[in-house]
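A.B. asks: Handing over target20.txt, compact mmCIF, C-alpha atoms.
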# COMPACT_ATOMS: atom_id res chain seq x y z
CA MET S 1008 104.34 -73.00 -98.12
CA ALA S 1009 106.51 -71.69 -95.28
CA GLY S 1010 107.62 -74.20 -92.68
CA ARG S 1011 106.05 -74.35 -89.23
CA LEU S 1012 106.21 -76.12 -85.91
CA VAL S 1013 103.01 -77.73 -84.63
CA LEU S 1014 102.76 -78.84 -81.01
CA VAL S 1015 100.44 -81.86 -80.96
CA ALA S 1016 98.73 -82.99 -77.76
CA THR S 1017 98.66 -86.78 -77.43
CA PRO S 1018 96.65 -89.13 -75.19
CA ILE S 1019 97.56 -89.35 -71.50
CA GLY S 1020 96.30 -92.91 -71.40
CA ASN S 1021 93.36 -93.77 -73.62
CA LEU S 1022 94.48 -93.84 -77.26
CA GLY S 1023 90.94 -92.99 -78.32
CA ASP S 1024 91.61 -89.41 -77.18
CA LEU S 1025 93.90 -88.74 -80.17
CA SER S 1026 92.07 -86.17 -82.29
CA LEU S 1027 91.49 -86.35 -86.03
CA ARG S 1028 93.40 -83.11 -86.50
CA ALA S 1029 96.35 -84.53 -84.54
CA VAL S 1030 96.42 -87.57 -86.83
CA GLU S 1031 96.33 -85.31 -89.89
CA VAL S 1032 99.29 -83.24 -88.71
CA LEU S 1033 101.34 -86.29 -87.72
CA ALA S 1034 100.63 -87.91 -91.09
CA THR S 1035 101.74 -84.88 -93.11
CA ALA S 1036 104.71 -83.79 -90.97
CA ASP S 1037 108.16 -83.98 -92.49
CA VAL S 1038 109.58 -84.75 -89.06
CA VAL S 1039 108.02 -85.76 -85.75
CA ALA S 1040 110.01 -84.67 -82.71
CA CYS S 1041 109.30 -86.93 -79.73
CA GLU S 1042 110.60 -87.99 -76.32
CA ASP S 1043 110.69 -91.74 -77.00
CA THR S 1044 110.64 -93.17 -80.52
CA ARG S 1045 109.24 -96.51 -79.30
CA ARG S 1046 106.30 -94.94 -77.49
CA THR S 1047 105.56 -92.49 -80.28
CA GLY S 1048 106.00 -95.27 -82.81
CA ARG S 1049 103.24 -97.27 -81.13
CA LEU S 1050 100.97 -94.22 -81.14
CA LEU S 1051 101.59 -93.61 -84.83
CA ALA S 1052 100.95 -97.26 -85.63
CA HIS S 1053 97.65 -97.08 -83.76
CA ALA S 1054 96.70 -94.04 -85.85
CA GLY S 1055 97.82 -95.70 -89.09
CA VAL S 1056 100.55 -93.11 -89.65
CA ASN S 1057 103.91 -93.84 -91.25
CA ALA S 1058 106.11 -90.99 -90.06
CA SER S 1059 108.85 -90.07 -92.50
CA ARG S 1060 111.31 -89.21 -89.72
CA LEU S 1061 111.39 -89.35 -85.93
CA LEU S 1062 113.70 -87.01 -84.01
CA VAL S 1063 114.40 -87.57 -80.31
CA VAL S 1064 113.77 -84.43 -78.25
CA ASN S 1065 113.96 -85.19 -74.53
CA GLU S 1066 115.35 -83.50 -71.43
CA HIS S 1067 118.89 -84.47 -72.46
CA THR S 1068 118.75 -83.49 -76.14
CA GLU S 1069 116.28 -80.61 -76.27
CA ARG S 1070 118.81 -77.79 -76.30
CA VAL S 1071 120.68 -79.26 -79.28
CA ARG S 1072 117.59 -80.48 -81.12
CA ALA S 1073 115.86 -77.12 -80.73
CA ALA S 1074 118.34 -75.53 -83.13
CA GLU S 1075 117.93 -78.44 -85.54
CA VAL S 1076 114.14 -78.18 -85.55
CA ALA S 1077 114.36 -74.41 -86.03
CA GLU S 1078 116.61 -74.95 -89.04
CA LEU S 1079 114.19 -77.47 -90.54
CA VAL S 1080 111.28 -75.09 -90.11
CA ALA S 1081 113.27 -72.24 -91.61
CA GLY S 1082 113.92 -74.50 -94.61
CA GLY S 1083 110.21 -74.99 -95.17
CA SER S 1084 109.59 -78.25 -93.29
CA LEU S 1085 106.50 -79.06 -91.27
CA ALA S 1086 107.71 -80.26 -87.85
CA ALA S 1087 105.35 -81.85 -85.34
CA LEU S 1088 106.32 -81.97 -81.68
CA VAL S 1089 104.83 -84.50 -79.27
CA THR S 1090 105.67 -85.77 -75.80
CA ASP S 1091 105.03 -89.20 -74.31
CA ALA S 1092 101.64 -88.03 -73.02
CA GLY S 1093 99.63 -84.84 -72.94
CA THR S 1094 100.41 -81.35 -74.17
CA PRO S 1095 104.04 -80.59 -75.11
CA ALA S 1096 106.05 -78.05 -73.08
CA ILE S 1097 104.00 -78.57 -69.88
CA SER S 1098 106.40 -80.30 -67.44
CA ASP S 1099 107.79 -81.94 -70.59
CA PRO S 1100 110.23 -80.93 -73.34
CA GLY S 1101 109.08 -78.36 -75.87
CA ALA S 1102 109.57 -74.84 -74.55
CA LYS S 1103 113.15 -74.56 -75.82
CA VAL S 1104 112.09 -75.80 -79.26
CA VAL S 1105 109.27 -73.25 -79.44
CA ARG S 1106 111.62 -70.44 -78.45
CA ALA S 1107 114.24 -71.46 -81.01
CA VAL S 1108 111.70 -71.59 -83.84
CA LEU S 1109 110.21 -68.21 -82.90
CA GLU S 1110 113.63 -66.58 -82.61
CA ALA S 1111 114.42 -67.90 -86.10
CA GLY S 1112 111.27 -66.24 -87.40
CA GLY S 1113 109.27 -69.43 -87.80
CA GLU S 1114 105.60 -70.07 -87.14
CA VAL S 1115 104.35 -72.07 -84.18
CA GLU S 1116 100.89 -73.60 -83.87
CA ALA S 1117 99.21 -76.02 -81.49
CA VAL S 1118 96.76 -78.87 -81.86
CA PRO S 1119 95.07 -78.81 -78.45
CA GLY S 1120 93.93 -81.94 -76.74
CA PRO S 1121 94.59 -84.05 -73.64
CA SER S 1122 96.01 -82.28 -70.59
CA ALA S 1123 96.51 -84.11 -67.31
CA ALA S 1124 96.41 -80.88 -65.32
CA LEU S 1125 93.09 -79.65 -66.73
CA ALA S 1126 91.47 -83.08 -66.68
CA ALA S 1127 92.29 -83.44 -62.97
CA LEU S 1128 91.19 -79.91 -62.16
CA VAL S 1129 87.71 -80.25 -63.61
CA VAL S 1130 86.94 -83.49 -61.78
CA SER S 1131 88.42 -82.37 -58.47
CA GLY S 1132 85.32 -80.62 -57.19
CA LEU S 1133 87.49 -77.64 -56.17
CA PRO S 1134 87.11 -74.09 -57.55
CA THR S 1135 88.14 -73.81 -61.21
CA GLY S 1136 87.62 -70.08 -61.83
CA ARG S 1137 91.22 -69.27 -60.87
CA PHE S 1138 93.98 -71.86 -60.61
CA CYS S 1139 97.73 -72.20 -60.93
CA PHE S 1140 99.85 -75.04 -62.28
CA GLU S 1141 102.89 -75.92 -60.17
CA GLY S 1142 104.09 -79.03 -61.98
CA PHE S 1143 106.59 -81.03 -59.92
CA LEU S 1144 107.81 -79.49 -56.68
CA PRO S 1145 111.59 -79.21 -56.24
CA LYS S 1146 112.79 -82.53 -54.83
CA LYS S 1147 114.64 -81.22 -51.79
CA GLY S 1148 116.48 -78.43 -50.07
CA ARG S 1149 115.78 -74.74 -49.74
CA SER S 1150 114.04 -74.50 -53.11
CA ARG S 1151 111.43 -77.04 -52.00
CA ALA S 1152 110.88 -75.30 -48.66
CA ASP S 1153 110.57 -71.91 -50.37
CA ARG S 1154 108.02 -73.21 -52.88
CA LEU S 1155 105.92 -74.83 -50.16
CA GLY S 1156 106.06 -71.62 -48.15
CA ALA S 1157 104.84 -69.60 -51.12
CA LEU S 1158 101.99 -72.06 -51.74
CA SER S 1159 100.80 -71.84 -48.14
CA HIS S 1160 99.10 -68.50 -48.90
CA GLU S 1161 98.23 -69.11 -52.58
CA PRO S 1162 94.52 -68.27 -52.93
CA ARG S 1163 94.03 -70.12 -56.22
CA THR S 1164 93.40 -73.83 -56.63
CA MET S 1165 96.77 -75.53 -57.17
CA VAL S 1166 97.58 -78.37 -59.59
CA LEU S 1167 100.72 -80.44 -59.05
CA PHE S 1168 102.28 -83.54 -60.58
CA GLU S 1169 103.94 -86.26 -58.48
CA ALA S 1170 105.60 -89.62 -58.97
CA PRO S 1171 104.31 -92.57 -56.93
CA HIS S 1172 107.49 -93.04 -54.86
CA ARG S 1173 107.37 -89.40 -53.70
CA LEU S 1174 103.61 -89.10 -53.17
CA ALA S 1175 103.47 -89.75 -49.41
CA ARG S 1176 106.34 -87.37 -48.69
CA THR S 1177 104.83 -84.60 -50.80
CA LEU S 1178 101.45 -84.99 -49.13
CA ARG S 1179 103.11 -84.79 -45.69
CA ASP S 1180 105.01 -81.66 -46.71
CA LEU S 1181 101.86 -80.07 -48.13
CA ALA S 1182 99.92 -80.88 -44.94
CA GLU S 1183 102.64 -79.29 -42.82
CA ALA S 1184 102.94 -76.17 -44.97
CA LEU S 1185 99.30 -75.61 -45.92
CA GLY S 1186 97.45 -77.18 -43.00
CA GLU S 1187 96.08 -80.66 -42.48
CA ASP S 1188 92.49 -79.61 -43.13
CA ARG S 1189 93.20 -78.23 -46.63
CA SER S 1190 91.07 -79.95 -49.31
CA VAL S 1191 92.79 -82.09 -51.92
CA ALA S 1192 91.83 -84.32 -54.81
CA ILE S 1193 94.24 -87.08 -55.84
CA VAL S 1194 93.79 -88.19 -59.43
CA ARG S 1195 95.59 -91.37 -60.47
CA GLU S 1196 96.12 -93.00 -63.87
CA GLN S 1197 93.85 -90.64 -65.79
CA THR S 1198 91.87 -92.16 -68.70
CA LYS S 1199 93.48 -95.56 -68.04
CA LEU S 1200 91.93 -98.83 -66.87
CA HIS S 1201 92.61 -98.17 -63.19
CA GLU S 1202 91.78 -94.46 -63.14
CA ASP S 1203 90.87 -93.29 -59.65
CA VAL S 1204 89.84 -89.98 -58.07
CA TRP S 1205 90.02 -89.58 -54.30
CA ARG S 1206 88.85 -86.46 -52.45
CA GLY S 1207 89.41 -85.43 -48.84
CA THR S 1208 91.78 -83.43 -46.63
CA LEU S 1209 95.56 -83.47 -46.70
CA ALA S 1210 95.61 -85.22 -43.32
CA GLU S 1211 93.39 -87.99 -44.67
CA ALA S 1212 95.45 -88.17 -47.85
CA VAL S 1213 98.67 -88.72 -45.88
CA LEU S 1214 97.13 -91.65 -44.00
CA ARG S 1215 95.86 -93.17 -47.23
CA ALA S 1216 99.20 -92.84 -49.03
CA GLU S 1217 101.09 -94.36 -46.10
CA ALA S 1218 98.64 -97.27 -45.77
CA ASP S 1219 98.62 -98.31 -49.45
CA GLU S 1220 101.65 -98.32 -51.73
CA PRO S 1221 101.06 -95.63 -54.39
CA ARG S 1222 101.11 -96.90 -57.97
CA GLY S 1223 100.82 -95.04 -61.26
CA GLU S 1224 101.06 -91.38 -62.15
CA TYR S 1225 99.43 -88.78 -59.92
CA VAL S 1226 97.96 -85.30 -60.24
CA LEU S 1227 97.22 -83.44 -57.01
CA VAL S 1228 94.61 -80.69 -56.96
CA VAL S 1229 94.80 -78.66 -53.75
CA GLY S 1230 92.38 -76.03 -52.50
CA GLY S 1231 93.63 -72.46 -52.23
CA PHE S 1232 94.21 -70.44 -49.08
CA ALA S 1233 90.91 -68.98 -47.90
CA GLY S 1234 92.53 -66.54 -45.48
CA PRO S 1235 91.96 -66.25 -41.74
CA PRO S 1236 88.33 -66.07 -40.57
CA PRO S 1237 87.02 -62.56 -39.92
CA PRO S 1238 87.20 -61.44 -36.28
CA SER S 1239 84.10 -62.09 -34.22
CA GLU S 1240 82.03 -59.27 -32.76
CA ALA S 1241 83.36 -60.19 -29.31
CA GLN S 1242 86.97 -59.87 -30.54
CA VAL S 1243 86.29 -56.45 -32.05
CA LYS S 1244 84.53 -55.29 -28.87
CA ALA S 1245 87.42 -56.46 -26.69
CA ALA S 1246 89.90 -54.57 -28.87
CA LEU S 1247 87.74 -51.44 -28.68
CA ASP S 1248 87.46 -51.66 -24.90
CA GLU S 1249 91.24 -51.89 -24.67
CA LYS S 1250 91.71 -48.77 -26.81
CA LEU S 1251 89.05 -46.83 -24.89
CA ALA S 1252 90.60 -47.82 -21.56
CA ALA S 1253 93.90 -46.43 -22.84
CA GLY S 1254 92.24 -43.02 -23.25
CA LEU S 1255 91.45 -42.92 -26.96
CA SER S 1256 88.24 -41.31 -28.16
CA ARG S 1257 85.59 -43.57 -29.65
CA ARG S 1258 86.41 -42.21 -33.09
CA ASP S 1259 90.15 -42.88 -32.77
CA ALA S 1260 89.59 -46.28 -31.12
CA ALA S 1261 87.28 -47.32 -33.95
CA PHE S 1262 89.83 -46.15 -36.54
CA GLU S 1263 92.72 -48.11 -35.00
CA VAL S 1264 90.69 -51.28 -34.40
CA ALA S 1265 89.37 -51.19 -37.97
CA SER S 1266 92.93 -50.96 -39.28
CA ASP S 1267 94.25 -53.67 -36.96
CA LEU S 1268 91.50 -56.23 -37.50
CA GLY S 1269 90.44 -55.45 -41.06
CA VAL S 1270 86.86 -54.46 -40.27
CA SER S 1271 84.92 -51.37 -41.35
CA ARG S 1272 85.36 -48.20 -39.27
CA ARG S 1273 81.62 -47.70 -39.20
CA SER S 1274 80.89 -51.12 -37.69
CA ALA S 1275 83.73 -50.67 -35.19
CA TYR S 1276 82.39 -47.26 -34.15
CA GLN S 1277 78.87 -48.64 -33.72
CA LEU S 1278 80.24 -51.44 -31.52
CA SER S 1279 82.06 -48.86 -29.41
CA LEU S 1280 78.66 -47.33 -28.56
CA ALA S 1281 77.26 -50.64 -27.33
CA ASP S 1282 77.07 -51.29 -23.62
Spit out the file's structure as structure tokens when you get a sec.

C.D. replies:
Amino acid sequence: MAGRLVLVATPIGNLGDLSLRAVEVLATADVVACEDTRRTGRLLAHAGVNASRLLVVNEHTERVRAAEVAELVAGGSLAALVTDAGTPAISDPGAKVVRAVLEAGGEVEAVPGPSAALAALVVSGLPTGRFCFEGFLPKKGRSRADRLGALSHEPRTMVLFEAPHRLARTLRDLAEALGEDRSVAIVREQTKLHEDVWRGTLAEAVLRAEADEPRGEYVLVVGGFAGPPPPSEAQVKAALDEKLAAGLSRRDAAFEVASDLGVSRRSAYQLSLAD
């Protein structure tokens, strides 16, 4: 049988979330690539798996290990890739390994399972039909400011990761960039003993984070930009009166006001006829 790489999702807290298929792959893999051999070793022991070989693939070794894993797969080995928690290659090592295996002509599969981003999204109470995953924001500088600026008009629900020691600062920056009244859900320690979900506005979230020292791992789910409210009838009428006073015909005034304010030309023209 030809070799292959299998990305295996692992629990983000509760070990009971490890799937039967994940256990099967880990038990039959010739090599298990992981971030931390101690953490993965405990997971394998819980599952009753004796891995034949553990290979460290973390942020420091991924580039080198990617070529090694690709070579193993090309030689017919079954390689499993896990991270410390959740789905590999999502704000964790894995993407470079996948690319190396594919470029070498190998097969890549996934055993789906726990995902901190999706788990937080579905309990947030915010729209789930369209969303974007932002991972960790840049820590500082122009890149952070640019990302926050781009998110200020993002219409989709946004999912972000944050460490406890940066939580308050990130919430303050989000409130400044997106508006203090923007809805947010803060999900902490998912599937663990002290799991907590808090929902409110960014302004309220800032006060909460500053009052109590954040602990644990956090996922932030932020409501998308709803756009400015439509102009009121009075605003449209005032704009029409201004155009008419400048000498434009009702037709031309309605056309320009419709373009300026984003309303229909028909409704603008009808308002121009009102006393």

A.B. asks: For the contact check between stretch 1125-1191 of chain S and stretch 1090-1109 of chain S, emit one row per residue of stretch 1125-1191 of chain S within 10 Å, containing the shortest atom pair and the distance in Å rounded to one decimal, counting all atoms listed in the file, chain then rising number order, as a Markdown table.

C.D. replies:
| residue | atom | partner | partner_atom | distance |
| --- | --- | --- | --- | --- |
| S:Phe1140 | CA | S:Ile1097 | CA | 9.4 |
| S:Glu1141 | CA | S:Ser1098 | CA | 9.2 |
| S:Gly1142 | CA | S:Ser1098 | CA | 6.1 |
| S:Phe1143 | CA | S:Ser1098 | CA | 7.6 |
| S:Phe1168 | CA | S:Ser1098 | CA | 8.6 |

A.B. asks: Please identify all polymer residues lying at most 9 Å from the point (91.9, -84.4, -66.8) (file coordinates), using only C-alpha atoms, and present the result as a list in words.

C.D. replies: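 Using only C-alpha atoms, the matching residues come out as Ile1019, Pro1121, Ser1122, Ala1123, Ala1124, Leu1125, Ala1126, Ala1127, Leu1128, Val1129, Val1130, Val1194, Gln1197, Thr1198 and Val1226 of chain S.
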
A.B. asks: Pick out the closest residue to S:Pro1119 from this set: S:Glu1249, S:Glu1240, S:Pro1018, S:Arg1257. Count all atoms listed in the file.

C.D. replies: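 Under the stated criterion, the closest residue is S:Pro1018.
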
A.B. asks: Could you state the separation of atom CA of S:Thr1177 and atom CA of S:Ser1190 in Å, given to one decimal place?

C.D. replies: 14.6 Å

A.B. asks: Mind pulling up the distance from atom CA of S:Leu1014 to atom CA of S:Ala1117?

C.D. replies: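 Answer for the atom CA of S:Ala1117 to atom CA of S:Leu1014 separation: 4.6 Å.
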
A.B. asks: From the set S:Arg1272, S:Arg1049, S:Arg1215, S:Lys1146, which residue has the shortest atom-to-atom contact distance to S:Asp1180, counting all atoms listed in the file?

C.D. replies: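 So, comparing all the options, the nearest one is S:Lys1146.
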
A.B. asks: Neighbours of stretch 1060-1069 of chain S within 7 Å (all atoms listed in the file; same-chain residues fewer than 4 positions away dropped), as a compact mmCIF listing (two decimals) with C-alpha atoms, in the coordinates of the input?

C.D. replies:
# COMPACT_ATOMS: atom_id res chain seq x y z
CA ASP S 1037 108.16 -83.98 -92.49
CA VAL S 1038 109.58 -84.75 -89.06
CA VAL S 1039 108.02 -85.76 -85.75
CA ALA S 1040 110.01 -84.67 -82.71
CA CYS S 1041 109.30 -86.93 -79.73
CA GLU S 1042 110.60 -87.99 -76.32
CA ASP S 1043 110.69 -91.74 -77.00
CA THR S 1044 110.64 -93.17 -80.52
CA ALA S 1073 115.86 -77.12 -80.73
CA PRO S 1100 110.23 -80.93 -73.34
CA LYS S 1103 113.15 -74.56 -75.82

A.B. asks: I need the residue nearest S:Glu1031 from this list: S:Val1191, S:Val1089, S:Val1118, S:Ala1077. Use only C-alpha atoms for the distance.

C.D. replies: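 Nearest candidate to S:Glu1031 out of S:Val1191, S:Val1089, S:Val1118, S:Ala1077: S:Val1118.
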
A.B. asks: Restricting the calculation to only C-alpha atoms: of S:Ala1233, S:Leu1051, S:Val1080, S:Leu1251, which residue gets closest to S:Gly1112?

C.D. replies: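 Smallest distance to S:Gly1112 is found for S:Val1080.
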
A.B. asks: For a test of reading the model, state the distance in Å between atom CA of S:Asn1057 and atom CA of S:Glu1114, rounded to one decimal.

C.D. replies: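 According to the coordinates, atom CA of S:Asn1057 and atom CA of S:Glu1114 are separated by 24.2 Å.
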
A.B. asks: Residues at most 8 Å from S:Ala1246, counting all atoms listed in the file, excluding those fewer than 4 positions away in the same chain, as number ranges by chain?

C.D. replies: S: 1242, 1250, 1264

A.B. asks: Looking at only C-alpha atoms, which of S:Leu1025, S:Leu1247, S:Leu1079, S:Val1166 is the one that sits closest to S:Arg1137?

C.D. replies: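 Closest to S:Arg1137, using only C-alpha atoms: S:Val1166.
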
A.B. asks: For S:Gly1234, which residue out of S:Arg1070, S:Arg1163, S:His1201, S:Arg1011 is the nearest one, using only C-alpha atoms?

C.D. replies: S:Arg1163

A.B. asks: Would you list the residues near (90.1, -55.3, -40.3) (no more than 12 Å away, in the coordinates of the file, using only C-alpha atoms) as number ranges by chain?

C.D. replies: S: 1235-1240, 1242-1243, 1246, 1261-1275

A.B. asks: Skipping near chain neighbours, those fewer than 2 positions away, what residues fall within 8 Å of S:Leu1033 using only C-alpha atoms, listed as a list in words?

C.D. replies: Ala1029, Val1030, Glu1031, Thr1035, Ala1036, Val1039, Leu1051, Val1056, Ala1058 and Ala1087 of chain S

A.B. asks: Can you sort out the box for stretch 1128-1143 of chain S, edges along x, y and z, all listed atoms in, 5 Å on every side, with centre and edge lengths in Å to one decimal, as lines of an AutoDock Vina configuration file?

C.D. replies:
center_x = 96.0
center_y = -76.4
center_z = -59.9
size_x = 31.3
size_y = 24.2
size_z = 17.4
